[in-house]
$ cat my_file06.pdb   # PDB, C-alpha atoms
ATOM      1  CA  MET A   1      51.317 -49.300  71.766  1.00  0.00           C
ATOM      2  CA  ASP A   2      53.820 -49.975  69.039  1.00  0.00           C
ATOM      3  CA  TYR A   3      54.169 -47.787  65.933  1.00  0.00           C
ATOM      4  CA  TYR A   4      52.483 -50.380  63.737  1.00  0.00           C
ATOM      5  CA  ASP A   5      49.636 -50.768  66.230  1.00  0.00           C
ATOM      6  CA  LEU A   6      48.964 -47.053  65.829  1.00  0.00           C
ATOM      7  CA  ILE A   7      49.021 -47.473  62.054  1.00  0.00           C
ATOM      8  CA  LEU A   8      46.362 -50.204  62.325  1.00  0.00           C
ATOM      9  CA  VAL A   9      44.248 -47.954  64.552  1.00  0.00           C
ATOM     10  CA  GLY A  10      44.598 -45.139  62.006  1.00  0.00           C
ATOM     11  CA  ILE A  11      43.533 -47.403  59.142  1.00  0.00           C
ATOM     12  CA  PHE A  12      40.534 -48.719  61.066  1.00  0.00           C
ATOM     13  CA  ALA A  13      39.503 -45.242  62.251  1.00  0.00           C
ATOM     14  CA  SER A  14      39.711 -43.676  58.793  1.00  0.00           C
ATOM     15  CA  VAL A  15      37.561 -46.393  57.197  1.00  0.00           C
ATOM     16  CA  LEU A  16      35.114 -46.166  60.098  1.00  0.00           C
ATOM     17  CA  LEU A  17      34.923 -42.373  59.729  1.00  0.00           C
ATOM     18  CA  GLY A  18      34.213 -42.801  56.029  1.00  0.00           C
ATOM     19  CA  VAL A  19      31.317 -45.119  56.847  1.00  0.00           C
ATOM     20  CA  ALA A  20      30.086 -42.731  59.555  1.00  0.00           C
ATOM     21  CA  ALA A  21      30.244 -39.835  57.107  1.00  0.00           C
ATOM     22  CA  SER A  22      28.003 -41.734  54.742  1.00  0.00           C
ATOM     23  CA  LEU A  23      25.545 -42.578  57.514  1.00  0.00           C
ATOM     24  CA  PHE A  24      25.214 -39.031  58.868  1.00  0.00           C
ATOM     25  CA  THR A  25      25.368 -37.105  55.593  1.00  0.00           C
ATOM     26  CA  GLY A  26      23.821 -37.542  52.199  1.00  0.00           C
ATOM     27  CA  LEU A  27      26.776 -39.534  50.841  1.00  0.00           C
ATOM     28  CA  GLU A  28      26.235 -43.011  49.502  1.00  0.00           C
ATOM     29  CA  LEU A  29      27.908 -45.766  51.527  1.00  0.00           C
ATOM     30  CA  ARG A  30      30.319 -46.640  48.734  1.00  0.00           C
ATOM     31  CA  VAL A  31      31.454 -43.012  48.444  1.00  0.00           C
ATOM     32  CA  GLY A  32      32.063 -42.701  52.187  1.00  0.00           C
ATOM     33  CA  LEU A  33      33.866 -46.029  52.234  1.00  0.00           C
ATOM     34  CA  PHE A  34      36.007 -44.963  49.290  1.00  0.00           C
ATOM     35  CA  ALA A  35      36.914 -41.671  51.006  1.00  0.00           C
ATOM     36  CA  GLY A  36      37.849 -43.494  54.203  1.00  0.00           C
ATOM     37  CA  THR A  37      39.925 -45.961  52.222  1.00  0.00           C
ATOM     38  CA  LEU A  38      41.790 -43.125  50.502  1.00  0.00           C
ATOM     39  CA  VAL A  39      42.710 -41.713  53.908  1.00  0.00           C
ATOM     40  CA  ALA A  40      43.721 -45.198  55.083  1.00  0.00           C
ATOM     41  CA  THR A  41      46.068 -45.400  52.094  1.00  0.00           C
ATOM     42  CA  VAL A  42      48.135 -42.596  53.638  1.00  0.00           C
ATOM     43  CA  PHE A  43      48.645 -44.698  56.784  1.00  0.00           C
ATOM     44  CA  LEU A  44      49.480 -47.764  54.718  1.00  0.00           C
ATOM     45  CA  TYR A  45      51.958 -45.795  52.614  1.00  0.00           C
ATOM     46  CA  ASP A  46      53.665 -44.508  55.734  1.00  0.00           C
ATOM     47  CA  ALA A  47      53.929 -47.987  57.248  1.00  0.00           C
ATOM     48  CA  LEU A  48      55.031 -49.876  54.149  1.00  0.00           C
ATOM     49  CA  VAL A  49      57.017 -47.363  52.114  1.00  0.00           C
ATOM     50  CA  ARG A  50      58.368 -44.690  54.449  1.00  0.00           C
ATOM     51  CA  ASN A  51      58.967 -46.896  57.535  1.00  0.00           C
ATOM     52  CA  PRO A  52      58.860 -50.503  56.347  1.00  0.00           C
ATOM     53  CA  PRO A  53      59.088 -53.321  58.888  1.00  0.00           C
ATOM     54  CA  LEU A  54      61.317 -55.198  56.420  1.00  0.00           C
ATOM     55  CA  PRO A  55      64.241 -53.941  54.375  1.00  0.00           C
ATOM     56  CA  ARG A  56      63.143 -52.138  51.214  1.00  0.00           C
ATOM     57  CA  THR A  57      64.926 -54.723  49.092  1.00  0.00           C
ATOM     58  CA  ASP A  58      62.763 -57.582  50.438  1.00  0.00           C
ATOM     59  CA  PRO A  59      60.403 -58.768  47.665  1.00  0.00           C
ATOM     60  CA  THR A  60      57.673 -59.696  50.178  1.00  0.00           C
ATOM     61  CA  MET A  61      56.984 -55.973  50.645  1.00  0.00           C
ATOM     62  CA  VAL A  62      55.605 -55.702  47.125  1.00  0.00           C
ATOM     63  CA  VAL A  63      52.657 -58.086  47.615  1.00  0.00           C
ATOM     64  CA  PRO A  64      50.764 -56.123  50.334  1.00  0.00           C
ATOM     65  CA  VAL A  65      51.258 -52.819  48.521  1.00  0.00           C
ATOM     66  CA  VAL A  66      50.030 -54.206  45.190  1.00  0.00           C
ATOM     67  CA  ALA A  67      47.077 -56.005  46.833  1.00  0.00           C
ATOM     68  CA  TRP A  68      45.999 -52.844  48.674  1.00  0.00           C
ATOM     69  CA  HIS A  69      46.116 -50.714  45.543  1.00  0.00           C
ATOM     70  CA  LEU A  70      44.264 -53.300  43.472  1.00  0.00           C
ATOM     71  CA  GLY A  71      41.528 -53.326  46.109  1.00  0.00           C
ATOM     72  CA  LEU A  72      41.492 -49.535  46.146  1.00  0.00           C
ATOM     73  CA  ALA A  73      41.196 -49.466  42.347  1.00  0.00           C
ATOM     74  CA  ALA A  74      38.322 -51.955  42.454  1.00  0.00           C
ATOM     75  CA  LEU A  75      36.529 -49.876  45.093  1.00  0.00           C
ATOM     76  CA  GLY A  76      37.127 -46.732  43.048  1.00  0.00           C
ATOM     77  CA  ALA A  77      35.746 -48.412  39.961  1.00  0.00           C
ATOM     78  CA  GLY A  78      32.615 -49.278  41.940  1.00  0.00           C
ATOM     79  CA  VAL A  79      32.203 -45.647  42.989  1.00  0.00           C
ATOM     80  CA  VAL A  80      32.714 -44.260  39.495  1.00  0.00           C
ATOM     81  CA  GLY A  81      30.864 -46.992  37.594  1.00  0.00           C
TER      82      GLY A  81
END
$ encode --input "my_file06.pdb" --output "structure tokens"
Amino acid sequence: MDYYDLILVGIFASVLLGVAASLFTGLELRVGLFAGTLVATVFLYDALVRNPPLPRTDPTMVVPVVAWHLGLAALGAGVVG
């Protein structure tokens, strides 16, 4: 498996573990999903910022990072609100 394949597995596994945590504990689903997504953000950060597949000066790198964090903020707002 390639490095970025392992990153995808890590993202999927962390979100899945967040869902599983909510199913087997007293956490609400949105809280478990939010926790898993926070862990997945570490994998995404590593893949896009620390070891980007494109040069850091490429403007197409900005779109996935901004989209991910907007989604994370929306999910966080759903947990808090």
$ resolve_selection --input "my_file06.pdb" --expression "the PyMOL selection byres ((chain A and resi 33) around 8)" --output "PyMOL selection string"
chain A and resi 15-16+18-19+22+29-32+34-37
$ resolve_selection --input "my_file06.pdb" --expression "the PyMOL selection byres ((chain A and resi 64-75) around 9)" --output "PyMOL selection string"
chain A and resi 30+33-34+37-38+41+44-45+48-49+60-63+76-80
$ residues_around --input "my_file06.pdb" --residues "Phe12 in chain A" --least-positions-apart "5" --cutoff "9 Å" --atoms "all atoms listed in the file" --output "count of residues only"
3
$ axis_aligned_box --input "my_file06.pdb" --around "range 7-18 of chain A" --padding-each-side "4 Å" --output "JSON"
{"center_x": 41.6, "center_y": -46.3, "center_z": 60.3, "size_x": 22.8, "size_y": 15.8, "size_z": 16.5}
$ atom_distance --input "my_file06.pdb" --atom1 "CA of Phe43 in chain A" --atom2 "CA of Gly10 in chain A"
6.6 Å
$ atom_distance --input "my_file06.pdb" --atom1 "CA of Val42 in chain A" --atom2 "CA of Leu6 in chain A"
13.0 Å
$ atom_distance --input "my_file06.pdb" --atom1 "CA of Leu27 in chain A" --atom2 "CA of Ile11 in chain A"
20.3 Å
$ residues_near_point --input "my_file06.pdb" --point "(57.1, -48.0, 62.6)" --cutoff "8 Å" --atoms "only C-alpha atoms" --output "number ranges by chain"
A: 2-4, 47, 51-53
